[in-house]
>>> print(open('work-v8.txt').read())   # compact mmCIF, C-alpha atoms
# COMPACT_ATOMS: atom_id res chain seq x y z
CA MET F 1 112.52 104.84 130.67
CA SER F 2 113.27 105.99 127.15
CA LEU F 3 115.11 103.37 125.09
CA LEU F 4 116.75 105.83 122.72
CA HIS F 5 120.02 107.72 122.82
CA PRO F 6 119.22 111.46 122.45
CA SER F 7 120.75 111.59 118.94
CA ASN F 8 118.56 108.70 117.76
CA LYS F 9 115.54 110.37 119.34
CA GLU F 10 116.20 113.51 117.30
CA GLU F 11 116.60 111.39 114.14
CA PHE F 12 113.29 109.59 114.78
CA GLU F 13 111.41 112.79 115.63
CA LYS F 14 112.18 114.19 112.16
CA TYR F 15 109.92 111.43 110.76
CA ILE F 16 106.97 112.06 113.10
CA LEU F 17 104.68 114.81 111.81
CA ASP F 18 102.31 116.96 113.86
CA VAL F 19 98.92 117.19 112.16
CA GLU F 20 96.72 119.83 113.78
CA ASN F 21 92.97 119.35 114.28
CA PHE F 22 93.02 115.62 113.41
CA PRO F 23 91.02 113.48 114.00
CA LYS F 24 89.04 116.35 115.58
CA GLU F 25 89.31 120.04 116.49
CA ASN F 26 92.07 121.06 118.93
CA VAL F 27 93.83 117.69 118.77
CA VAL F 28 97.39 117.42 117.46
CA PHE F 29 97.84 114.01 115.79
CA LYS F 30 101.28 112.39 115.76
CA ASP F 31 101.63 110.95 112.24
CA ILE F 32 104.15 108.11 112.36
CA SER F 33 103.72 107.13 108.67
CA PRO F 34 107.05 108.65 107.56
CA LEU F 35 108.86 106.82 110.38
CA LEU F 36 107.38 103.46 109.34
CA ALA F 37 108.20 104.07 105.66
CA ASN F 38 111.78 105.24 106.23
CA LYS F 39 113.14 104.00 109.59
CA PHE F 40 111.11 100.85 110.30
CA THR F 41 114.03 98.51 110.96
CA GLU F 42 115.64 101.09 113.27
CA VAL F 43 112.40 101.45 115.28
CA VAL F 44 111.97 97.70 115.75
CA THR F 45 115.64 97.26 116.63
CA ALA F 46 115.26 99.95 119.30
CA PHE F 47 112.26 98.09 120.77
CA SER F 48 114.34 94.92 120.93
CA GLN F 49 116.89 96.75 123.09
CA ALA F 50 114.43 97.15 125.96
CA PRO F 51 116.04 95.78 129.17
CA ILE F 52 114.08 92.52 129.22
CA ASP F 53 115.14 88.88 129.39
CA TRP F 54 113.81 88.20 125.89
CA SER F 55 114.72 84.51 126.07
CA GLY F 56 111.82 83.99 128.48
CA VAL F 57 109.27 85.80 126.28
CA GLU F 58 107.04 83.54 124.17
CA HIS F 59 104.58 85.91 122.51
CA ILE F 60 104.39 89.56 121.46
CA ILE F 61 100.90 91.04 121.83
CA GLY F 62 99.90 93.90 119.53
CA ILE F 63 96.87 96.11 120.15
CA GLU F 64 94.69 96.95 117.12
CA SER F 65 95.52 98.66 114.79
CA ARG F 66 98.88 100.44 114.94
CA GLY F 67 100.03 98.11 117.69
CA PHE F 68 99.68 95.34 115.09
CA ILE F 69 102.26 97.06 112.85
CA LEU F 70 104.84 97.47 115.61
CA GLY F 71 104.08 94.29 117.58
CA SER F 72 104.14 91.81 114.71
CA ALA F 73 107.34 93.35 113.37
CA LEU F 74 108.98 92.94 116.78
CA ALA F 75 107.73 89.35 116.96
CA ILE F 76 109.42 88.48 113.67
CA HIS F 77 112.59 90.36 114.59
CA LEU F 78 112.88 88.24 117.76
CA ASN F 79 111.40 84.97 116.39
CA LYS F 80 108.38 85.01 118.73
CA GLY F 81 104.72 84.20 118.17
CA PHE F 82 102.16 86.99 117.77
CA ILE F 83 98.80 87.43 119.53
CA PRO F 84 96.39 90.24 118.58
CA ILE F 85 94.13 92.21 120.92
CA ARG F 86 91.24 93.49 118.81
CA LYS F 87 88.23 95.78 118.94
CA LYS F 88 84.95 94.14 119.95
CA GLY F 89 83.42 91.67 117.48
CA LYS F 90 86.49 91.10 115.30
CA LEU F 91 87.77 87.88 116.89
CA PRO F 92 85.74 84.67 116.71
CA PRO F 93 84.69 83.04 120.01
CA PRO F 94 85.81 82.07 122.59
CA VAL F 95 87.17 85.49 123.64
CA TYR F 96 87.70 87.52 126.80
CA SER F 97 86.20 91.03 126.69
CA GLN F 98 87.29 94.10 128.64
CA SER F 99 85.69 97.54 128.56
CA TYR F 100 87.60 100.76 129.18
CA GLN F 101 86.79 104.44 129.48
CA LEU F 102 87.20 106.86 126.60
CA GLU F 103 86.95 110.65 126.88
CA TYR F 104 83.24 110.23 126.09
CA GLY F 105 81.72 106.78 126.56
CA GLU F 106 83.56 103.48 126.57
CA ASP F 107 85.06 100.92 124.20
CA ILE F 108 85.73 97.18 124.41
CA LEU F 109 88.87 95.17 123.64
CA GLU F 110 88.95 91.40 123.14
CA MET F 111 91.55 88.63 123.15
CA LYS F 112 91.11 84.97 122.33
CA GLU F 113 90.84 82.58 125.27
CA ILE F 114 94.08 80.62 125.13
CA SER F 115 94.38 77.49 127.21
CA SER F 116 98.13 77.59 127.88
CA PRO F 117 99.92 80.26 129.93
CA SER F 118 102.60 82.41 128.29
CA SER F 119 105.15 85.13 129.02
CA VAL F 120 104.31 88.13 126.87
CA VAL F 121 105.31 91.67 125.90
CA LEU F 122 102.55 94.18 125.05
CA VAL F 123 103.15 96.68 122.21
CA ASP F 124 101.20 99.76 121.13
CA ASP F 125 102.03 102.96 119.26
CA VAL F 126 101.04 105.64 121.79
CA LEU F 127 100.61 105.72 125.59
CA ALA F 128 98.16 108.55 126.32
CA THR F 129 95.87 108.32 129.37
CA GLY F 130 96.58 104.60 129.74
CA GLY F 131 93.04 103.22 129.42
CA THR F 132 93.86 100.97 126.47
CA ILE F 133 96.96 99.39 127.97
CA GLN F 134 95.21 98.80 131.31
CA ALA F 135 92.39 96.95 129.53
CA ALA F 136 94.95 94.96 127.54
CA ALA F 137 96.78 94.01 130.74
CA LYS F 138 93.52 92.80 132.31
CA LEU F 139 92.90 90.57 129.27
CA CYS F 140 96.38 89.11 129.72
CA GLU F 141 95.70 88.39 133.40
CA ARG F 142 92.50 86.54 132.49
CA ASN F 143 94.57 84.33 130.17
CA ASN F 144 97.14 83.76 132.97
CA PHE F 145 99.78 85.49 130.85
CA SER F 146 102.82 86.93 132.63
CA ILE F 147 103.52 90.45 131.30
CA LYS F 148 107.27 91.11 130.98
CA ALA F 149 107.03 94.62 129.45
CA LYS F 150 104.73 97.23 127.93
CA LEU F 151 106.42 98.94 124.96
CA PHE F 152 105.31 102.13 123.22
CA LEU F 153 106.71 104.12 120.34
CA ILE F 154 105.49 107.35 121.97
CA ASN F 155 104.71 108.17 125.60
CA LEU F 156 102.67 111.38 125.96
CA THR F 157 103.95 112.02 129.49
CA PHE F 158 101.87 115.21 129.80
CA LEU F 159 98.78 112.94 129.85
CA ASN F 160 100.00 110.30 132.32
CA GLN F 161 102.49 109.62 135.12
CA LEU F 162 102.42 105.87 134.57
CA LYS F 163 106.12 105.27 133.94
CA GLU F 164 107.05 106.52 137.44
CA SER F 165 104.95 103.80 139.06
CA ASN F 166 105.20 101.05 136.45
CA PRO F 167 108.69 99.68 135.73
CA LEU F 168 107.32 97.55 132.86
CA ILE F 169 106.64 100.64 130.72
CA HIS F 170 109.24 101.60 128.12
CA SER F 171 108.98 104.01 125.20
CA LEU F 172 111.19 105.22 122.38
CA ILE F 173 110.07 108.86 122.42
CA GLU F 174 108.49 111.02 125.11
CA TYR F 175 106.58 114.26 124.66
CA MET J 1 100.65 80.11 92.49
CA SER J 2 100.89 78.59 95.94
CA LEU J 3 104.21 79.24 97.65
CA LEU J 4 104.08 76.20 99.92
CA HIS J 5 105.26 72.66 99.52
CA PRO J 6 102.24 70.36 100.13
CA SER J 7 103.68 69.08 103.43
CA ASN J 8 104.09 72.63 104.75
CA LYS J 9 100.58 73.43 103.59
CA GLU J 10 99.24 70.57 105.70
CA GLU J 11 101.28 71.75 108.67
CA PHE J 12 99.93 75.31 108.34
CA GLU J 13 96.34 74.18 107.87
CA LYS J 14 96.39 72.49 111.27
CA TYR J 15 96.68 75.97 112.80
CA ILE J 16 93.79 77.54 110.84
CA LEU J 17 90.44 76.92 112.52
CA ASP J 18 87.04 76.96 110.84
CA VAL J 19 84.53 78.95 112.92
CA GLU J 20 80.97 78.48 111.67
CA ASN J 21 78.44 81.33 111.58
CA PHE J 22 81.03 84.05 112.29
CA PRO J 23 80.88 87.02 111.81
CA LYS J 24 77.36 86.22 110.59
CA GLU J 25 75.01 83.31 109.82
CA ASN J 26 76.13 80.83 107.14
CA VAL J 27 79.67 82.19 106.93
CA VAL J 28 82.66 80.00 107.84
CA PHE J 29 85.41 82.20 109.29
CA LYS J 30 89.05 81.15 108.87
CA ASP J 31 90.65 81.85 112.25
CA ILE J 32 94.40 82.33 111.72
CA SER J 33 95.12 83.19 115.40
CA PRO J 34 96.75 79.80 116.20
CA LEU J 35 98.97 80.12 113.09
CA LEU J 36 100.19 83.58 114.16
CA ALA J 37 100.81 82.41 117.73
CA ASN J 38 102.65 79.20 116.81
CA LYS J 39 104.10 79.39 113.27
CA PHE J 40 104.57 83.12 112.66
CA THR J 41 108.22 82.98 111.58
CA GLU J 42 107.45 80.09 109.22
CA VAL J 43 104.59 82.04 107.60
CA VAL J 44 106.67 85.15 107.03
CA THR J 45 109.60 83.11 105.72
CA ALA J 46 107.23 81.45 103.22
CA PHE J 47 106.07 84.88 102.03
CA SER J 48 109.69 85.91 101.50
CA GLN J 49 110.13 82.95 99.14
CA ALA J 50 107.72 84.40 96.58
CA PRO J 51 109.45 84.51 93.16
CA ILE J 52 110.13 88.25 93.18
CA ASP J 53 113.28 90.29 92.75
CA TRP J 54 113.14 91.52 96.33
CA SER J 55 116.22 93.71 95.90
CA GLY J 56 114.13 96.09 93.83
CA VAL J 57 111.30 96.32 96.37
CA GLU J 58 111.37 99.39 98.61
CA HIS J 59 108.16 99.16 100.66
CA ILE J 60 105.73 96.50 101.86
CA ILE J 61 102.13 97.71 101.95
CA GLY J 62 99.76 96.13 104.49
CA ILE J 63 95.98 96.48 104.31
CA GLU J 64 94.12 97.15 107.60
CA SER J 65 93.90 95.21 109.89
CA ARG J 66 95.21 91.67 109.45
CA GLY J 67 97.31 92.79 106.48
CA PHE J 68 99.15 94.99 109.00
CA ILE J 69 100.20 91.90 110.99
CA LEU J 70 101.54 90.01 107.97
CA GLY J 71 102.83 92.98 105.96
CA SER J 72 104.82 94.69 108.69
CA ALA J 73 106.36 91.38 109.72
CA LEU J 74 107.45 90.74 106.13
CA ALA J 75 108.87 94.27 105.94
CA ILE J 76 111.08 93.68 108.98
CA HIS J 77 112.09 90.22 107.79
CA LEU J 78 113.34 91.76 104.51
CA ASN J 79 114.54 95.12 105.91
CA LYS J 80 112.01 97.18 103.93
CA GLY J 81 109.87 100.19 104.86
CA PHE J 82 106.18 99.75 105.69
CA ILE J 83 103.20 101.71 104.33
CA PRO J 84 99.66 101.14 105.67
CA ILE J 85 96.41 101.25 103.68
CA ARG J 86 93.66 102.08 106.16
CA LYS J 87 89.91 102.35 106.48
CA LYS J 88 88.42 105.79 105.77
CA GLY J 89 89.20 108.54 108.28
CA LYS J 90 92.09 106.87 110.07
CA LEU J 91 95.00 108.50 108.22
CA PRO J 92 95.62 112.24 108.49
CA PRO J 93 95.53 114.29 105.28
CA PRO J 94 96.70 114.42 102.55
CA VAL J 95 95.36 111.00 101.48
CA TYR J 96 94.06 109.26 98.37
CA SER J 97 90.63 107.59 98.78
CA GLN J 98 89.22 104.65 96.87
CA SER J 99 85.76 103.12 97.26
CA TYR J 100 85.00 99.47 96.56
CA GLN J 101 81.94 97.26 96.52
CA LEU J 102 80.96 95.04 99.42
CA GLU J 103 78.26 92.39 99.33
CA TYR J 104 75.85 95.11 100.46
CA GLY J 105 76.94 98.72 100.00
CA GLU J 106 80.51 99.98 99.70
CA ASP J 107 83.55 100.81 101.78
CA ILE J 108 86.50 103.18 101.37
CA LEU J 109 90.25 102.59 101.70
CA GLU J 110 92.85 105.35 102.03
CA MET J 111 96.61 105.72 101.60
CA LYS J 112 98.78 108.75 102.32
CA GLU J 113 99.80 110.84 99.33
CA ILE J 114 103.53 110.18 99.03
CA SER J 115 105.57 112.42 96.78
CA SER J 116 108.22 109.91 95.70
CA PRO J 117 107.57 106.79 93.58
CA SER J 118 108.34 103.35 94.99
CA SER J 119 108.37 99.67 94.09
CA VAL J 120 106.01 97.87 96.45
CA VAL J 121 104.52 94.50 97.45
CA LEU J 122 100.91 94.40 98.71
CA VAL J 123 100.04 92.01 101.57
CA ASP J 124 96.68 90.92 102.99
CA ASP J 125 95.41 87.90 104.89
CA VAL J 126 92.62 86.64 102.61
CA LEU J 127 91.82 87.02 98.89
CA ALA J 128 88.05 86.54 98.57
CA THR J 129 86.16 88.34 95.78
CA GLY J 130 89.10 90.69 95.17
CA GLY J 131 87.40 94.05 95.84
CA THR J 132 89.82 95.08 98.58
CA ILE J 133 93.01 94.29 96.67
CA GLN J 134 91.73 96.02 93.53
CA ALA J 135 91.03 99.20 95.53
CA ALA J 136 94.47 98.91 97.13
CA ALA J 137 96.09 98.57 93.71
CA LYS J 138 94.29 101.70 92.47
CA LEU J 139 95.63 103.65 95.45
CA CYS J 140 99.14 102.47 94.56
CA GLU J 141 98.69 103.63 90.96
CA ARG J 142 97.63 107.08 92.12
CA ASN J 143 100.89 107.27 94.12
CA ASN J 144 102.87 106.14 91.03
CA PHE J 145 103.92 103.01 92.89
CA SER J 146 105.04 100.01 90.86
CA ILE J 147 103.40 96.83 92.24
CA LYS J 148 105.78 93.85 92.16
CA ALA J 149 103.47 91.31 93.84
CA LYS J 150 100.21 90.79 95.74
CA LEU J 151 100.68 88.28 98.56
CA PHE J 152 97.95 86.54 100.57
CA LEU J 153 98.02 84.00 103.34
CA ILE J 154 94.81 82.44 102.01
CA ASN J 155 93.25 82.50 98.52
CA LEU J 156 89.59 81.44 98.53
CA THR J 157 89.72 80.28 94.90
CA PHE J 158 86.03 79.24 94.97
CA LEU J 159 85.23 82.98 95.18
CA ASN J 160 87.59 84.28 92.47
CA GLN J 161 89.57 83.27 89.39
CA LEU J 162 92.05 86.10 89.79
CA LYS J 163 95.27 84.08 89.96
CA GLU J 164 94.77 82.72 86.44
CA SER J 165 94.79 86.21 84.94
CA ASN J 166 97.08 87.98 87.39
CA PRO J 167 100.67 86.67 87.66
CA LEU J 168 101.36 89.07 90.56
CA ILE J 169 99.07 87.09 92.88
CA HIS J 170 100.68 84.54 95.22
CA SER J 171 99.21 82.79 98.25
CA LEU J 172 100.38 80.30 100.87
CA ILE J 173 97.16 78.32 101.12
CA GLU J 174 94.25 77.84 98.70
CA TYR J 175 90.75 76.64 99.51
>>> encode(input="work-v8.txt", output="structure tokens")
Amino acid sequence: MSLLHPSNKEEFEKYILDVENFPKENVVFKDISPLLANKFTEVVTAFSQAPIDWSGVEHIIGIESRGFILGSALAIHLNKGFIPIRKKGKLPPPVYSQSYQLEYGEDILEMKEISSPSSVVLVDDVLATGGTIQAAAKLCERNNFSIKAKLFLINLTFLNQLKESNPLIHSLIEY
Amino acid sequence: MSLLHPSNKEEFEKYILDVENFPKENVVFKDISPLLANKFTEVVTAFSQAPIDWSGVEHIIGIESRGFILGSALAIHLNKGFIPIRKKGKLPPPVYSQSYQLEYGEDILEMKEISSPSSVVLVDDVLATGGTIQAAAKLCERNNFSIKAKLFLINLTFLNQLKESNPLIHSLIEY
């Protein structure tokens, strides 16, 4: 579901710029820089209004790199701990590794092995085909984390039908 | 200066792990993951106690990637906007670019060209030789930003003498 009232959605969309042919030909990049610079508190407050029992959530997990910006901000807003999921080779051992498919080739995400279970919320900027969030969820399972929600600033619903089948997925804006 | 009372410093240090030979031979990596997972609110609160006139600060600037975690959290804690400084090629144009020296070779940081001036605070996780923060400061100058402070979780003072000559530099922990 979308967490925003239509009028807030319109307000937020004014601060998201379409940049054509970035980072490569025939791709339209959603530049959220103006939103972060001008409406950051409003964005994080909207995340915190997701229909979750926040009292049971211990950690917010952000996915490198823009998921760090949104996830750590949400953690502080709600007084939770923060756990990063990073690209391969950035976190010191011991880590869990999980590969996932890209358009061409594959990439690897890693999370520290953590000995105690936790209830967590995953945060990233954009839900596109879903490969990243599925790899992140697998890393959480290997740590025996219970995932309470998967939050995104933007859901590109023309690239996935995940929200229909996955009640944990929430986003602020859908395209 | 260090922003922490000695007893808090000891408390924080318990959650920073030394990892030997990471990311390469003969390097001791400071792993701040346990600190972020367990004492995140305390860390960000300590940052907010830097002796700055925060009312005049408009944006917090975080440097990719761990500076994103700390900087965006501080921005939300203080109700400020957030601006990222990223590695080359990650931000869509128009951007300012600034190269800086690494131990071997060089790297490039980028920040969006922003048309309006701002008063800002720069945040990163570790101050080592100072190359990254100097490049970040140059990017701020090119945007006509006024830098009110440069905040670090850790200052490796055996690698730099910057705090003696630069009153804008504050850190939570010194080694």
>>> calpha_fit_and_write(input="work-v8.txt", fixed="chain F", moving="chain J", output="short mmCIF file (atom, residue, chain, number, x, y, z; two decimals) with C-alpha atoms, in the coordinates of the input")
data_model
loop_
_atom_site.label_atom_id
_atom_site.label_comp_id
_atom_site.auth_asym_id
_atom_site.auth_seq_id
_atom_site.Cartn_x
_atom_site.Cartn_y
_atom_site.Cartn_z
CA MET J 1 112.46 104.84 130.65
CA SER J 2 113.25 105.97 127.13
CA LEU J 3 115.10 103.37 125.08
CA LEU J 4 116.74 105.83 122.72
CA HIS J 5 120.00 107.70 122.83
CA PRO J 6 119.19 111.44 122.47
CA SER J 7 120.73 111.60 118.97
CA ASN J 8 118.55 108.72 117.77
CA LYS J 9 115.55 110.38 119.35
CA GLU J 10 116.19 113.50 117.28
CA GLU J 11 116.60 111.40 114.16
CA PHE J 12 113.29 109.59 114.79
CA GLU J 13 111.41 112.79 115.61
CA LYS J 14 112.18 114.17 112.16
CA TYR J 15 109.93 111.43 110.76
CA ILE J 16 106.97 112.07 113.10
CA LEU J 17 104.69 114.81 111.78
CA ASP J 18 102.32 116.94 113.84
CA VAL J 19 98.91 117.19 112.14
CA GLU J 20 96.71 119.83 113.76
CA ASN J 21 92.96 119.35 114.26
CA PHE J 22 93.02 115.63 113.38
CA PRO J 23 91.01 113.48 114.00
CA LYS J 24 89.05 116.34 115.57
CA GLU J 25 89.31 120.04 116.48
CA ASN J 26 92.07 121.06 118.91
CA VAL J 27 93.84 117.70 118.77
CA VAL J 28 97.40 117.41 117.44
CA PHE J 29 97.84 114.01 115.78
CA LYS J 30 101.29 112.39 115.74
CA ASP J 31 101.63 110.95 112.24
CA ILE J 32 104.17 108.10 112.36
CA SER J 33 103.72 107.14 108.66
CA PRO J 34 107.08 108.65 107.54
CA LEU J 35 108.87 106.81 110.39
CA LEU J 36 107.38 103.45 109.34
CA ALA J 37 108.21 104.08 105.67
CA ASN J 38 111.79 105.24 106.24
CA LYS J 39 113.15 103.99 109.60
CA PHE J 40 111.11 100.85 110.31
CA THR J 41 114.04 98.51 110.96
CA GLU J 42 115.64 101.09 113.27
CA VAL J 43 112.41 101.44 115.28
CA VAL J 44 111.98 97.71 115.75
CA THR J 45 115.65 97.25 116.63
CA ALA J 46 115.26 99.96 119.31
CA PHE J 47 112.27 98.09 120.77
CA SER J 48 114.35 94.91 120.93
CA GLN J 49 116.89 96.75 123.09
CA ALA J 50 114.43 97.13 125.97
CA PRO J 51 116.04 95.77 129.17
CA ILE J 52 114.08 92.51 129.24
CA ASP J 53 115.13 88.88 129.39
CA TRP J 54 113.81 88.20 125.91
CA SER J 55 114.71 84.51 126.08
CA GLY J 56 111.82 84.01 128.47
CA VAL J 57 109.28 85.81 126.28
CA GLU J 58 107.06 83.55 124.18
CA HIS J 59 104.59 85.92 122.50
CA ILE J 60 104.39 89.57 121.47
CA ILE J 61 100.91 91.04 121.84
CA GLY J 62 99.89 93.89 119.52
CA ILE J 63 96.87 96.11 120.14
CA GLU J 64 94.67 96.97 117.11
CA SER J 65 95.53 98.67 114.78
CA ARG J 66 98.88 100.45 114.92
CA GLY J 67 100.04 98.10 117.68
CA PHE J 68 99.68 95.34 115.06
CA ILE J 69 102.27 97.06 112.84
CA LEU J 70 104.85 97.47 115.60
CA GLY J 71 104.09 94.30 117.58
CA SER J 72 104.13 91.82 114.72
CA ALA J 73 107.34 93.34 113.38
CA LEU J 74 108.98 92.95 116.79
CA ALA J 75 107.73 89.36 116.97
CA ILE J 76 109.42 88.47 113.68
CA HIS J 77 112.59 90.36 114.60
CA LEU J 78 112.88 88.24 117.78
CA ASN J 79 111.40 84.98 116.39
CA LYS J 80 108.38 85.02 118.73
CA GLY J 81 104.71 84.20 118.18
CA PHE J 82 102.15 87.00 117.76
CA ILE J 83 98.80 87.43 119.53
CA PRO J 84 96.39 90.24 118.57
CA ILE J 85 94.12 92.21 120.92
CA ARG J 86 91.25 93.51 118.81
CA LYS J 87 88.24 95.78 118.92
CA LYS J 88 84.95 94.15 119.94
CA GLY J 89 83.44 91.67 117.48
CA LYS J 90 86.48 91.10 115.31
CA LEU J 91 87.79 87.89 116.88
CA PRO J 92 85.76 84.68 116.70
CA PRO J 93 84.70 83.06 119.99
CA PRO J 94 85.80 82.07 122.57
CA VAL J 95 87.17 85.48 123.64
CA TYR J 96 87.70 87.51 126.80
CA SER J 97 86.20 91.04 126.71
CA GLN J 98 87.30 94.10 128.64
CA SER J 99 85.69 97.54 128.58
CA TYR J 100 87.61 100.76 129.20
CA GLN J 101 86.79 104.43 129.49
CA LEU J 102 87.19 106.87 126.63
CA GLU J 103 86.94 110.63 126.91
CA TYR J 104 83.22 110.22 126.18
CA GLY J 105 81.71 106.77 126.67
CA GLU J 106 83.57 103.46 126.62
CA ASP J 107 85.05 100.93 124.24
CA ILE J 108 85.74 97.19 124.42
CA LEU J 109 88.88 95.18 123.64
CA GLU J 110 88.96 91.40 123.14
CA MET J 111 91.56 88.63 123.15
CA LYS J 112 91.10 84.96 122.32
CA GLU J 113 90.83 82.59 125.26
CA ILE J 114 94.07 80.62 125.11
CA SER J 115 94.37 77.49 127.21
CA SER J 116 98.12 77.59 127.88
CA PRO J 117 99.93 80.27 129.92
CA SER J 118 102.60 82.41 128.29
CA SER J 119 105.15 85.12 129.02
CA VAL J 120 104.31 88.13 126.87
CA VAL J 121 105.31 91.68 125.90
CA LEU J 122 102.54 94.19 125.05
CA VAL J 123 103.14 96.68 122.21
CA ASP J 124 101.20 99.77 121.13
CA ASP J 125 102.03 102.96 119.26
CA VAL J 126 101.04 105.64 121.79
CA LEU J 127 100.61 105.73 125.59
CA ALA J 128 98.16 108.55 126.31
CA THR J 129 95.88 108.33 129.37
CA GLY J 130 96.59 104.60 129.74
CA GLY J 131 93.04 103.22 129.41
CA THR J 132 93.85 100.97 126.47
CA ILE J 133 96.97 99.38 127.97
CA GLN J 134 95.23 98.79 131.30
CA ALA J 135 92.39 96.95 129.53
CA ALA J 136 94.96 94.97 127.54
CA ALA J 137 96.78 94.01 130.74
CA LYS J 138 93.52 92.79 132.31
CA LEU J 139 92.89 90.57 129.28
CA CYS J 140 96.38 89.11 129.72
CA GLU J 141 95.69 88.38 133.39
CA ARG J 142 92.50 86.53 132.51
CA ASN J 143 94.58 84.33 130.16
CA ASN J 144 97.14 83.75 132.96
CA PHE J 145 99.77 85.49 130.86
CA SER J 146 102.81 86.92 132.62
CA ILE J 147 103.53 90.45 131.30
CA LYS J 148 107.27 91.12 130.98
CA ALA J 149 107.03 94.62 129.47
CA LYS J 150 104.73 97.24 127.93
CA LEU J 151 106.42 98.93 124.97
CA PHE J 152 105.30 102.12 123.21
CA LEU J 153 106.71 104.11 120.34
CA ILE J 154 105.50 107.33 121.96
CA ASN J 155 104.69 108.17 125.60
CA LEU J 156 102.67 111.37 125.96
CA THR J 157 103.94 112.00 129.50
CA PHE J 158 101.87 115.22 129.80
CA LEU J 159 98.79 112.94 129.84
CA ASN J 160 99.99 110.30 132.32
CA GLN J 161 102.48 109.62 135.11
CA LEU J 162 102.42 105.88 134.55
CA LYS J 163 106.13 105.28 133.94
CA GLU J 164 107.05 106.49 137.43
CA SER J 165 104.94 103.79 139.06
CA ASN J 166 105.20 101.05 136.45
CA PRO J 167 108.70 99.69 135.72
CA LEU J 168 107.31 97.55 132.86
CA ILE J 169 106.64 100.65 130.74
CA HIS J 170 109.26 101.60 128.12
CA SER J 171 108.97 104.02 125.21
CA LEU J 172 111.18 105.23 122.37
CA ILE J 173 110.06 108.85 122.40
CA GLU J 174 108.48 111.02 125.11
CA TYR J 175 106.58 114.26 124.65
#
>>> interface_residues(input="work-v8.txt", of="chain J", to="chain F", cutoff="8 Å", atoms="only C-alpha atoms", output="ChimeraX atom specification")
/J:19,22-23,29,31,33,36-41,44,59,64-65,68-70,72-77,79-84,89-90,92
>>> residues_around(input="work-v8.txt", residues="His5 in chain J", least_positions_apart="5", cutoff="12 Å", atoms="only C-alpha atoms", output="list in words")
Glu10, Glu11, Phe12, Ala46, Gln49, Ser171, Leu172 and Ile173 of chain J
>>> atom_distance(input="work-v8.txt", atom1="CA of Val27 in chain F", atom2="CA of Gln98 in chain J")
25.9 Å
>>> atom_distance(input="work-v8.txt", atom1="CA of Ser2 in chain J", atom2="CA of Leu168 in chain J")
11.8 Å
>>> residues_near_point(input="work-v8.txt", point="(112.0, 89.2, 93.7)", cutoff="12 Å", atoms="all atoms listed in the file", output="PyMOL selection string")
chain J and resi 47-58+78+119-121+147-149+168
>>> residues_near_point(input="work-v8.txt", point="(97.9, 88.9, 102.3)", cutoff="7 Å", atoms="all atoms listed in the file", output="ChimeraX atom specification")
/J:67,70,123-126,151-153
>>> atom_distance(input="work-v8.txt", atom1="CA of Leu156 in chain J", atom2="CA of Tyr175 in chain J")
5.0 Å
>>> closest_residue(input="work-v8.txt", among="F:Leu162, F:Ala135, F:Ile85, F:Cys140", to="Leu102 in chain F", atoms="all atoms listed in the file")
F:Ala135
>>> closest_residue(input="work-v8.txt", among="F:Asn26, F:Glu174, F:Glu103, F:Glu141", to="Ile154 in chain F", atoms="only C-alpha atoms")
F:Glu174
>>> decode(input="work-v8.txt", residues="range 57-77 of chain F", atoms="C-alpha atoms", output="mmCIF file, in the first residue's frame")
data_model
loop_
_atom_site.group_PDB
_atom_site.id
_atom_site.type_symbol
_atom_site.label_atom_id
_atom_site.label_comp_id
_atom_site.auth_asym_id
_atom_site.auth_seq_id
_atom_site.Cartn_x
_atom_site.Cartn_y
_atom_site.Cartn_z
ATOM 1 C CA VAL F 57 10.850 -3.677 16.152
ATOM 2 C CA GLU F 58 14.444 -3.669 17.428
ATOM 3 C CA HIS F 59 16.533 -2.740 14.390
ATOM 4 C CA ILE F 60 16.122 -0.859 11.112
ATOM 5 C CA ILE F 61 18.157 -2.369 8.267
ATOM 6 C CA GLY F 62 19.313 -0.069 5.466
ATOM 7 C CA ILE F 63 20.621 -1.336 2.130
ATOM 8 C CA GLU F 64 23.725 0.395 0.716
ATOM 9 C CA SER F 65 23.847 3.229 -0.267
ATOM 10 C CA ARG F 66 20.619 5.235 -0.459
ATOM 11 C CA GLY F 67 18.933 2.797 1.892
ATOM 12 C CA PHE F 68 21.502 3.947 4.463
ATOM 13 C CA ILE F 69 20.219 7.535 4.209
ATOM 14 C CA LEU F 70 16.572 6.597 4.696
ATOM 15 C CA GLY F 71 17.044 3.643 7.063
ATOM 16 C CA SER F 72 19.361 5.292 9.568
ATOM 17 C CA ALA F 73 17.158 8.381 9.664
ATOM 18 C CA LEU F 74 14.130 6.207 10.428
ATOM 19 C CA ALA F 75 16.111 4.379 13.121
ATOM 20 C CA ILE F 76 16.903 7.638 14.909
ATOM 21 C CA HIS F 77 13.360 8.947 14.480
#
